[in-house]
Every structure is written in structure tokens, then in C-alpha cells.
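Inspection log for the structure reproduced underneath, given as C-alpha cells.
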Amino acid sequence: MRGLGPRITGNERYWIKRRRAGGVGTFESSTVPALLGKRAWVRRGLVVLTVAGLAASAAAAPSAIGLVGSKKDDFQTTAPYAILLDVETGTVLFEKGADVPTPPSSMAKLMTTEVVFNALKQGRIKIDDEYLVSEDAWRRGGAPSHTSSMFAPIHSRVRVDDLLRGAIIMSGNDACLALAEGIAGNEPAFVAMMNERARELRLTRSYFTNATGLPDPAQKVTVRELARLARHIIRTYPDFYPIYGEHEFTWNKIRQQNRNPLLTMNLGADGMKTGFTVDGGYGLVGSTMQNGARLIVVVNGLKTAKERADEAKKIIEFGYRGFESKPLFAAGQIVGYAKLFGGASGSVALVGEGPISVLMPKNATERVSAKIVYSGPVPAPVKQGQQIGNLNVYRGDRPVAEVSLFAAENIERGNLPRRAFDAASELMIGLFRSGVPKKISGL
């Protein structure tokens, strides 16, 4: 693809339609015909592309994600909070109450284990390090707690490797507390690390108050952010992820089965975590692989363990049955351009890490829109492969995927006259904005 349109200054927003025919796309503007075949960028980093020719069939698409109207044959689930996500593309296939904060119960342990995985990856701790099971960890998370436990003896020392299995397979609260104390010195300090890490991963609506998921009114997550966290773990820690799929673990001569019901349902499931509290109900984060396609399902707020398993299975089967991949951009294909400041060139081409595609209902013709978002102008120099922004993909007005965009080339700093011109341009634009009178209500 040669580009999207000529340079566009100011804060305009242009909608460009991409019509697909045999996988080959051409671009045309609904407002500016001259954009066809040229380059386009917008100050402050907003360019909107509309991918046309993709429509939802009424029979296959769930009303909960707004693909069709509320017809009686739309897909339904009794789960009050649910989401289905494709791991490869990040496409949201189904959602219901996905952004409502809910008690995470033991699904909060995904955040606990992510912090541990991150520390291992960075070399701050080692898998063979041994941590003490303190009296506090034993009383609040071990046998005396009458909660899910690894049953590690008080004052025993346990390897990080075994504590991870205790936390993931057995859902052991004592294992989580021992990890928290071993890494951070105490649980509150570890919880601060959990919340800091959550912000780094852009889990902006989630807040953690303990390392175990035990009931606390202030501890909340959304199923969307649990799915995002699960996807991050799967993609970032391939060496540790298989622990979630292990069916059993024995510690202190006590063998316990993995609590994830999907592992025995012949769905290709290999993760990740269940949870239950009286206030939050029954929840589950599951991951399955079929024919090379990996899906993540998250449900929460179910009334029984059986309903949790049945609804999660039904949503997964719906995903594999009703969707197919639709290509948007080939590997290396230029998606758009970002404006540069002080560079040898005024803009830099943006590409995905690989092919960019989205899952759509089979035989679909629904229009999909995609928006390039970045903070700009981007200061030069820019290195090839440097992440510049994201391509946010929507079905209707609902976000279904977010794909990172990277610089396609090296752009060095411009010469002194070029940098001076860019600085003067930004100064004039800033002065213009500051001088625009603001409307004051109530006068």
C-alpha cells in the first residue's frame, strides 16, 4: 500500500473508507477525494480508517456487543459479566457488562502471579529461591484459615517454583502470602507492586487490596481487564504459562486437583483461574486452543459452580463456531503516518508487528472502523521498530481490538532550519489555541 492521503494539518478528522475485494484494498475518502493514494496524518495523532464490506449476520452475532439488534435468536448467557477475546488479534468476540467493577475473588491471583513472573523475567528473583511460610501466612492462608490452601507447614521454606504451583493449581492463599512476603517483605508492599504493575499494563479500572483475592469491598476488577491480563500473561511468559494447565499438584503429601473445570471438557483448555466469594459469585478466566486459534473467556457473578462451567463452555463454543479471521493489513504494510517534530522528515510511516487481522462473524458484511492513536508530534530521532501508537479497531462504536503500531523506518533529527521551523509552528499553534475564547455558562 502506498499511503493514505496528503499531509493534513490542524485538528481535522477524516474518515477514509477501505473497500475490500479479494483481499486487495483501495482507499477513498467520503469527504476529500484527493486523499486517495496519498499520505494522511492528523495533528495530535488521530486518523480514522473505516473498513467496509464486513457485516454481521443476525443469527451469529451477539446483541451484547451490538452487532445486531435484540432479536430473540441472538446469543445469550446467564453470566452477568462476560467477555470472549481472541488472543492473536485481541478481537473482542462477545461482551456483557465487561466494564463493570466486580469482586475478583481468586482470579486476583492472576495479578499476583504476573508480578512474580515479571520479577523472574527481570532477574530480581530466581525460581529456586526459597521463601518462609510465616505465621501470618499460615494463619490467614494455611490450614487454620479454612480457605483454599497449599497446606504448607508453618515456618517451612518453599521454593518459588512450588509456591507458584500452590497459588495457581491449588489456589493456595498461603502460597500467595509467602510469595508476597518473600518478594516485598510484607503483603501491603506487594499489593502496592500489584497496583503499580496494573497501571503499567493499563488496567485502569482494577484495584487490588490483597494478594489472595479474599473478600474486600475495595478490591475490584472488570472482566475486560482480566481478559487483557490473561492475554498479557499468555504472550509474555510462555515458559510459565503451562503451569495453569497442570491438572494436579501434591504438597505436604496432599494432592489437589486443578479447580478449572474447563480442563476436563475436551475444549482444548489449558488455563487459567477460577474464583468464588459470596459477594462476587462464581467466576472463571479460561483459555482454550483449537486448530491454532486461542480464545480467552472470562465470566463472573454466576450462582453456582456448575453454571459457571456451563456458561463458560457455551461462550467458548460460540466463539469457535461463529467467527473467522478477516485480514486488515499485511505484514509490513503501511497503516498510516505519524507527524514528527524536529525530524529530517515531517512524518514517519507506521506498521504493525506482523499481519493485522480481526475476527468477525462468519459470512459477515458489517463495517469495521479503525483509529490510529498516538501522542504527537513525535520528537525525532525515531528508530525503526519504535512503538509510536496504537490502531484501535471498532465494530460500530464498540472497541474490539487494539494493535500496537511501530515506526517502519529510521528518521534522524533534521537540520537546524528544519527544527526551528517545527518549533515556530508548534509555538504559533499553541498561541492560537491559548487565545481561543472559552464559552462561559451562566452569564
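Identifiers for the C-alpha cells are assigned positionally: chains receive A, B, ... in sequence, residues are indexed from 1 per chain, and ligands are indexed from 1 in the order shown.
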
Would you pick out the contacts of Pro188 in chain A at 8 Å or less, using only C-alpha atoms, so that residues sharing its chain but fewer than 3 positions from it are not included, and give the list as an mmCIF file with N, CA and C atoms, in the first residue's frame?
```cif
data_model
loop_
_atom_site.group_PDB
_atom_site.id
_atom_site.type_symbol
_atom_site.label_atom_id
_atom_site.label_comp_id
_atom_site.auth_asym_id
_atom_site.auth_seq_id
_atom_site.Cartn_x
_atom_site.Cartn_y
_atom_site.Cartn_z
ATOM 1 N N VAL A 191 1.154 -5.597 47.498
ATOM 2 C CA VAL A 191 -0.077 -5.099 46.881
ATOM 3 C C VAL A 191 0.193 -3.783 46.150
ATOM 4 N N ALA A 192 1.053 -2.941 46.727
ATOM 5 C CA ALA A 192 1.444 -1.715 46.036
ATOM 6 C C ALA A 192 2.121 -2.046 44.709
ATOM 7 N N THR A 209 -6.337 -5.045 46.791
ATOM 8 C CA THR A 209 -6.066 -4.741 48.206
ATOM 9 C C THR A 209 -5.358 -5.886 48.921
ATOM 10 N N ASN A 210 -5.272 -7.043 48.284
ATOM 11 C CA ASN A 210 -4.534 -8.155 48.874
ATOM 12 C C ASN A 210 -4.011 -9.053 47.767
#
```

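Summary of the local environment: counting only C-alpha atoms, residues at most 8 Å from Gly275 in chain A, other than itself and those fewer than 2 positions away along its chain, are Pro104, Ser105, Ser106, Met107, Lys273, Thr277, Tyr282, Gly283 and Leu284 of chain A.
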
Filtered DSSP result for range 316-398 of chain A, state helix (DSSP H, G or I), as a PDB file with C-alpha atoms, in the first residue's frame:
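This went into result-v8.pdb:
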```pdb
ATOM      1  CA  ILE A 316     -16.208 -20.739  24.042  1.00  0.00           C
ATOM      2  CA  GLU A 317     -18.125 -22.997  21.665  1.00  0.00           C
ATOM      3  CA  PHE A 318     -19.925 -19.959  20.285  1.00  0.00           C
ATOM      4  CA  GLY A 319     -16.596 -18.320  19.549  1.00  0.00           C
ATOM      5  CA  TYR A 320     -15.111 -21.233  17.627  1.00  0.00           C
ATOM      6  CA  ARG A 321     -18.339 -21.909  15.789  1.00  0.00           C
ATOM      7  CA  GLY A 322     -19.320 -18.440  14.666  1.00  0.00           C
TER       8      GLY A 322
END
```
